[in-house]
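*Asks:* Encoded as structure tokens, here's the structure I'll be asking about.
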There are 2 protein chains.
Amino acid sequence: MVKIKMSFTWITLFVILFSCAPITLAQQKVFFTKEIQDDATFKVLETFLSDTEKEISEIKFEKGIYHFYPERGLEMYRYISNHNDELIRTAFPIDNYDGLTIDGQGSEFIFHGRMIPFIIDNSEKFKIKNLSIDWAMPFHSEALVVANDQEENSFDLKITKEYPYEIRNDQLVFVKEYYEHNLGQAILYNPERKAIAYDTESHTPLTLYKNSVSSEYLSEIKYKYEEDPRDPQHSRMGKENRLRVKEIEPGRVRVYNHNKKLPRVGLILVSKGEQNQNRLAPAFHIVNTYGFTANNINVHHAGGMGLIAESSADLILDSFNVTPSKGRMVSTTADATHFVGCRGKVELKNCTFQNQLDDASNVHGTYQKVVKKIDEFTIGVRIGHYQQLGFTIGKPGDKIGFVRLANSFFAFEENEIEEVTFINGRFHLIKLKKPLTDNIKAGDLIENLDAYPELLVENCNISNNRARGLLLSTPKRTVIRNNYFHTEMEALLIPVESNHWYESGSVTDLTIVNNKFENCNHSGFNRGVIRFVTDDDNKNIAFHGVKILNNEFIQFDNLILEINNTQDLLFRGNVISHSEKFPKLFPQNPAVSVKASEKIEFKNNKYSGNANRILETNDVTEKIEFD
Amino acid sequence: MVKIKMSFTWITLFVILFSCAPITLAQQKVFFTKEIQDDATFKVLETFLSDTEKEISEIKFEKGIYHFYPERGLEMYRYISNHNDELIRTAFPIDNYDGLTIDGQGSEFIFHGRMIPFIIDNSEKFKIKNLSIDWAMPFHSEALVVANDQEENSFDLKITKEYPYEIRNDQLVFVKEYYEHNLGQAILYNPERKAIAYDTESHTPLTLYKNSVSSEYLSEIKYKYEEDPRDPQHSRMGKENRLRVKEIEPGRVRVYNHNKKLPRVGLILVSKGEQNQNRLAPAFHIVNTYGFTANNINVHHAGGMGLIAESSADLILDSFNVTPSKGRMVSTTADATHFVGCRGKVELKNCTFQNQLDDASNVHGTYQKVVKKIDEFTIGVRIGHYQQLGFTIGKPGDKIGFVRLANSFFAFEENEIEEVTFINGRFHLIKLKKPLTDNIKAGDLIENLDAYPELLVENCNISNNRARGLLLSTPKRTVIRNNYFHTEMEALLIPVESNHWYESGSVTDLTIVNNKFENCNHSGFNRGVIRFVTDDDNKNIAFHGVKILNNEFIQFDNLILEINNTQDLLFRGNVISHSEKFPKLFPQNPAVSVKASEKIEFKNNKYSGNANRILETNDVTEKIEFD
């Protein structure tokens with residue numbers, strides 16, 4: 001083993017060449033010392049830029065606190081699923097590596113502004129371990145509710161110096177390094193529980209908008225093609241700010257004109273700005289990568305998701321924890337993890353997903369809409385949601401299913417991808433291997449039947465976050481085992497929907513076993529703790545082969561299980577008890593609701609809750625009894 | 001000659017193969033008929049995408065009106081000098097072509113929304129002719145001033161259905177297809193003259209902003225590196241909207257709180273939105289292209305410049321006309337043409353540049369600032385202006401000059417480029433061929449001494465536009481001959497500046513001959529019709545070798561010629577007469593001002609103006625007389 005000091009004189013890094021490496025390519029090991037910690041960006045980046053042969057197999061950091069600034073980061077335009085597409089910078093452009101390991105050895109990485117800490121593209125067997133990720137200034141803001149006044153319909157926020165702000169034309173703007181946001185999406189946290197406040201939906205989201213008063217000649221604008229009312233351009237139309245704010249004293253801001261119940265004193269209002277502008281800096285963006293392992297990673301913050309993986313395979317997260325730092329209520333401002341069009345295995349093991357502002361995980365494919373038959377083999381497809389722009393649905397050889405959801409949740413015809421051509425974020429060409437049949441029509445959806453993973457979520461703590469625990473939309477074997485859930489919406493949501501998010505995939509082999517669900521759904525939505533649901537109002541079967549076994553439900557409210565459009569579900573050995581933690585929100589609900597489903601079996605469950613009815617059925621022909 | 005119907009069944013195009021082509025590559029000719037005119041985008045685009053071997057030598061259009069929509073255009077992220085950098089779409093991605101000609105045969109191309117009509121990259125000998133470019137809805141808006149009220153300090157705008165609008169929170173927003181803008185940058189047009197209104201500077205720009213009242217803890221934000229106060233992020237800080245608007249009746253909007261003189265009734269207020277958001281769709285974007293010829297092209301509109309060329313050579317524009325259509329006051333919303341870092345020849349011949357919202361042409365290089373010595377051969381440079389982000393200063397072999405403007409306007413040391421590495425829009429690495437001397441310091445500027453063109457502007461009509469006629473910043477031979485100028489600011493501006501725009505280059509061989517200058521500088525700026533000026537307040541020579549011969553000046557105001565920091569200037573055979581077109585704005589001015597200059601000679605000129613003094617000198621040691 002030989003130590004060589006590299007010739008970049010401005011970088012103190014040591015490269016260890018393995019002369020006995022078993023493969024022909026030289027394997028380089030890079031070690032960064034704390035000397036670079038004030039701004040490690042360019043020194044780390046230069047290592048990647050100079051490694052044109054992709055020979056580095058390991059990058060280690062001396063344990064320390066390393067800062068990363070955007071000024072000297074590599075810039076690229078990224079389409080990022082479920083985020084804003086954007087020009088962004090990074091110190092870690094990990095592209096086309098096979099077998100690279102990054103080991104922080106317990107280091108903290110502190111990012112400043114608009115950066116993506118780790119961008120992993122087109123790689124294999126990438127490993128990362130032993131480091132934490134945080135931002136010096138977060139992309140969200142927190143403020144304590146210190147007063148409210150029913151008469152003048154106002155509430156007061158106490159804002160500390162961690163959250164610099166300006167008021168411009170009666171609007172509150174939080175100012176960060178290289179970023180700013182308005183109130184936008186906001187929710188209440190209870191600082192005692194360090195979790196989403198009970199019944200926050202009565203108080204939030206803030207009623208940001210009202211209809212604008214004057215609007216002239218807009219009908220003169222003729223659109224030749226379908227427009228997306230949710231995209232940033234259209235979503236501004238016809239609306240103006242409803243809320244007004246006034247500074248009462250430095251650090252105390254009064255908010256007027258909210259049109260829901262006033263936030264309660266003592267709660268913390270968490271705000272992250274406009275919906276279509278606030279997802280810009282996920283901690284990990286992984287694309288076309290086969291083999292990703294994370295061990296002992298702590299993501300304390302991200303301006304977006306903790307990890308977003310697209311079109312990748314075999315992603316193993318073990319002790320990948322999303323938790324807030326520095327007394328903040330919030331960790332990441334969107335999902336802790338999210339997997340789109342992935343395959344092979346996705347495993348989340350021994351993870352803590354706490355206080356993020358969206359789901360702990362969401363595993364799904366995408367629907368894209370046929371808008372034009374181009375030729376005998378080629379269709380033009382429209383990407384439905386503005387946060388999926390640029391998403392490539394598959395690779396050559398992948399099996400494509402054509403879907404017409406009003407008729408069936410499952411594909412009526414299959415074909416195979418020959419080639420996908422990017423035209424623009426919204427419009428792709430897909431050349432297929434077999435000729436298109438006459439059956440295919442504009443308006444049909446396609447999904448990639450090969451791009452769904454097996455999923456294991458085990459020994460995880462999912463709690464105190466906004467939104468759901470897990471969204472499960474993969475037909476492959478899915479096991480949810482030994483986890484703890486305390487979420488403000490559903491703990492487990494199993495959806496099929498095609499009108500809004502265009503997130504495809506259903507479950508056909510799902511086992512939910514030995515989990516503990518405690519006081520979920522406490523924010524105000526009338527939903528089951530576990531919920532199977534479609535957005536297409538028909539009686540077709542969407543979900544198959546579900547086992548819910550030996551779980552514990554401790555729940556303040558009635559509704560535990562909400563089953564729609566499901567076939568072959570076994571609910572066995574579960575224990576349901578009542579908690580006095582919160583007042584009931586929906587006391588009329590049964591414990592279990594079954595609708596448009598068949599072969600639903602309940603066996604050996606213990607119910608000690610206090611709902612008036614345990615079981616309610618609708619559109620069910622067979623006899624079902626709760627046992 | 002054989003006609004073959006191509007197998008793209010959805011495109012009706014005919015490809016004529018020249019079997020007798022003298023070169024080995026097949027030369028293809030493509031002909032588009034009017035069948036595709038409803039939306040020609042995808043059909044044109046597919047032609048380029050399928051031409052992977054770049055074999056097309058000619059694309060002709062049957063004479064017609066062709067529409068282009070963004071929905072099926074090719075999308076790419078573009079860094080565009082003097083524009084916004086952005087994700088943009090096109091039907092004409094002309095990349096890596098040699099000898100391609102596009103002939104519209106008199107067609108009109110109508111664009112919709114955020115598109116760049118022609119993107120020409122890395123090409124040679126590209127020709128385009130016989131077509132016009134317009135937008136269905138322009139990126140600016142026009143409104144007639146129908147009333148003003150001194151007492152309540154308001155004025156009323158009459159807005160017609162060509163300009164749909166909304167009022168949101170007392171702010172006027174003009175809504176377009178796929179775009180919107182607020183009042184932002186605005187100026188007054190006189191509809192009778194169809195030109196910028198006399199003395200508009202007393203009334204415009206609109207006073208959009210005032211200081212925001214509340215601003216807390218902003219000093220807590222520590223920036224490690226130099227920040228740009230002009231970039232979009234920083235320029236919002238500490239300001240809020242000053243103007244308020246109210247709809248009086250549909251189509252009539254009252255504007256309150258303007259802090260200059262109220263616009264006069266009968267004038268047209270032209271508005272194009274925020275300064276850092278309104279340059280997004282130039283008609284031509286040309287990069288790294290050697291040989292560009294345009295003949296008989298009419299650009300009636302663009303949301304930006306008519307033509308922006310970067311790092312290209314030999315650009316010949318003959319009858320390239322920028323003029324408004326459909327009764328609009330405005331043609332392009334920025335410069336008619338603009339050339340950055342170009343070389344070889346730039347020629348503008350027989351062109352009309354009218355009613356654009358910025359200069360007719362601007363020819364310059366860029367300064368970039370040394371911020372770090374990376375190693376013996378490599379510097380890190382910072383790009384100074386946010387609209388130059390991503391601009392590559394040169395190619396291997398180019399001669400670089402190091403400049404310290406406080407000492408001299410000319411390079412104190414030279415070197416040669418080995419390689420430029422893009423890190424991000426703001427920061428590039430430049431490896432040089434010779435080692436860096438100790439003399440080079442952080443803060444020094446570099447310019448590319450090879451990237452300046454010879455320039456000929458001949459037989460052009462430059463009138464009725466906002467801003468200057470020509471900005472001349474090239475040390476190569478420059479001839480301005482036989483043109484007509486009627487501009488609201490200087491007809492000819494010869495600057496050196498480094499603090500704001502970072503536009504480099506000086507003149508050392510400039511001939512201005514046989515031009516007619518009529519009533520320029522009528523909008524309110526105290527400047528010469530021809531003006532040599534630096535922004536560095538010293539007495540060093542910046543300009544050399546200037547001949548101003550046999551021109552005619554018909555001018556309502558006094559100041560004709562403003563000479564600073566100039567050596568060796570001959571002003572001969574010029575005729576200066578007085579016009580009663582407008583009242584004088586600056587009656588105290590002399591006709592000629594000379595400062596910090598030497599070898600300035602006046603010969604055989606005729607002055608029949610009525611300035612009190614013809615010649616004023618400052619910091620001039622030699623004796624100068626006006627003859």
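Chain labels run A, B, ... following the order of the structure tokens; each chain numbers its residues from 1, and ligands are numbered from 1 in the order shown.
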Given identical sequences, what C-alpha RMSD separates chain A from chain B after least-squares superposition over all Cα in order?
*Replies:*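 Root-mean-square deviation of the C-alpha atoms: 0.1 Å.
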*Asks:* Give me, as a PyMOL selection string, the residues of chain B touching chain A, with the criterion being at most 7 Å (counting only C-alpha atoms).
*Replies:* chain B and resi 9-10+72-75+77+161+164-169+176-178+212-218+221+233+239-241+247+250+374-375+423-424+427
*Asks:* Please list as a ChimeraX atom specification every residue within 9 Å of region 339-345 of chain B, counting only C-alpha atoms and excluding residues in the same chain fewer than 2 positions away.
*Replies:* /B:81,288,290,307-316,337,347,361-366,393-394,448,450-456,503
*Asks:* If you measure from CA of Thr200 (chain B) to CA of Leu188 (chain B), what distance in Å do you get, rounded to one decimal?
*Replies:*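 Taking CA of Thr200 (chain B) as the start and CA of Leu188 (chain B) as the end point, the length is 5.9 Å.
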*Asks:* Do a neighbour search on Ala491 (chain A) at 6 Å with only C-alpha atoms, toss out local chain neighbours closer than 5 positions, and write the hits as a list in words.
*Replies:*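 Residues meeting the cut-off are Arg468, Gly469 and Val529 of chain A.
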*Asks:* Keeping only N, CA and C atoms, write those residues as a PDB file, in the first residue's frame.
*Replies:*
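Okay, part-v2.pdb is ready:
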ATOM      1  N   ARG A 468     -48.956  11.016   5.482  1.00  0.00           N
ATOM      2  CA  ARG A 468     -49.076   9.582   5.739  1.00  0.00           C
ATOM      3  C   ARG A 468     -47.780   8.974   6.272  1.00  0.00           C
ATOM      4  N   GLY A 469     -47.916   7.704   6.660  1.00  0.00           N
ATOM      5  CA  GLY A 469     -46.722   6.910   6.928  1.00  0.00           C
ATOM      6  C   GLY A 469     -46.186   6.412   5.597  1.00  0.00           C
ATOM      7  N   VAL A 529     -56.934   4.150   9.551  1.00  0.00           N
ATOM      8  CA  VAL A 529     -55.497   4.093   9.850  1.00  0.00           C
ATOM      9  C   VAL A 529     -54.788   3.347   8.719  1.00  0.00           C
TER      10      VAL A 529
END
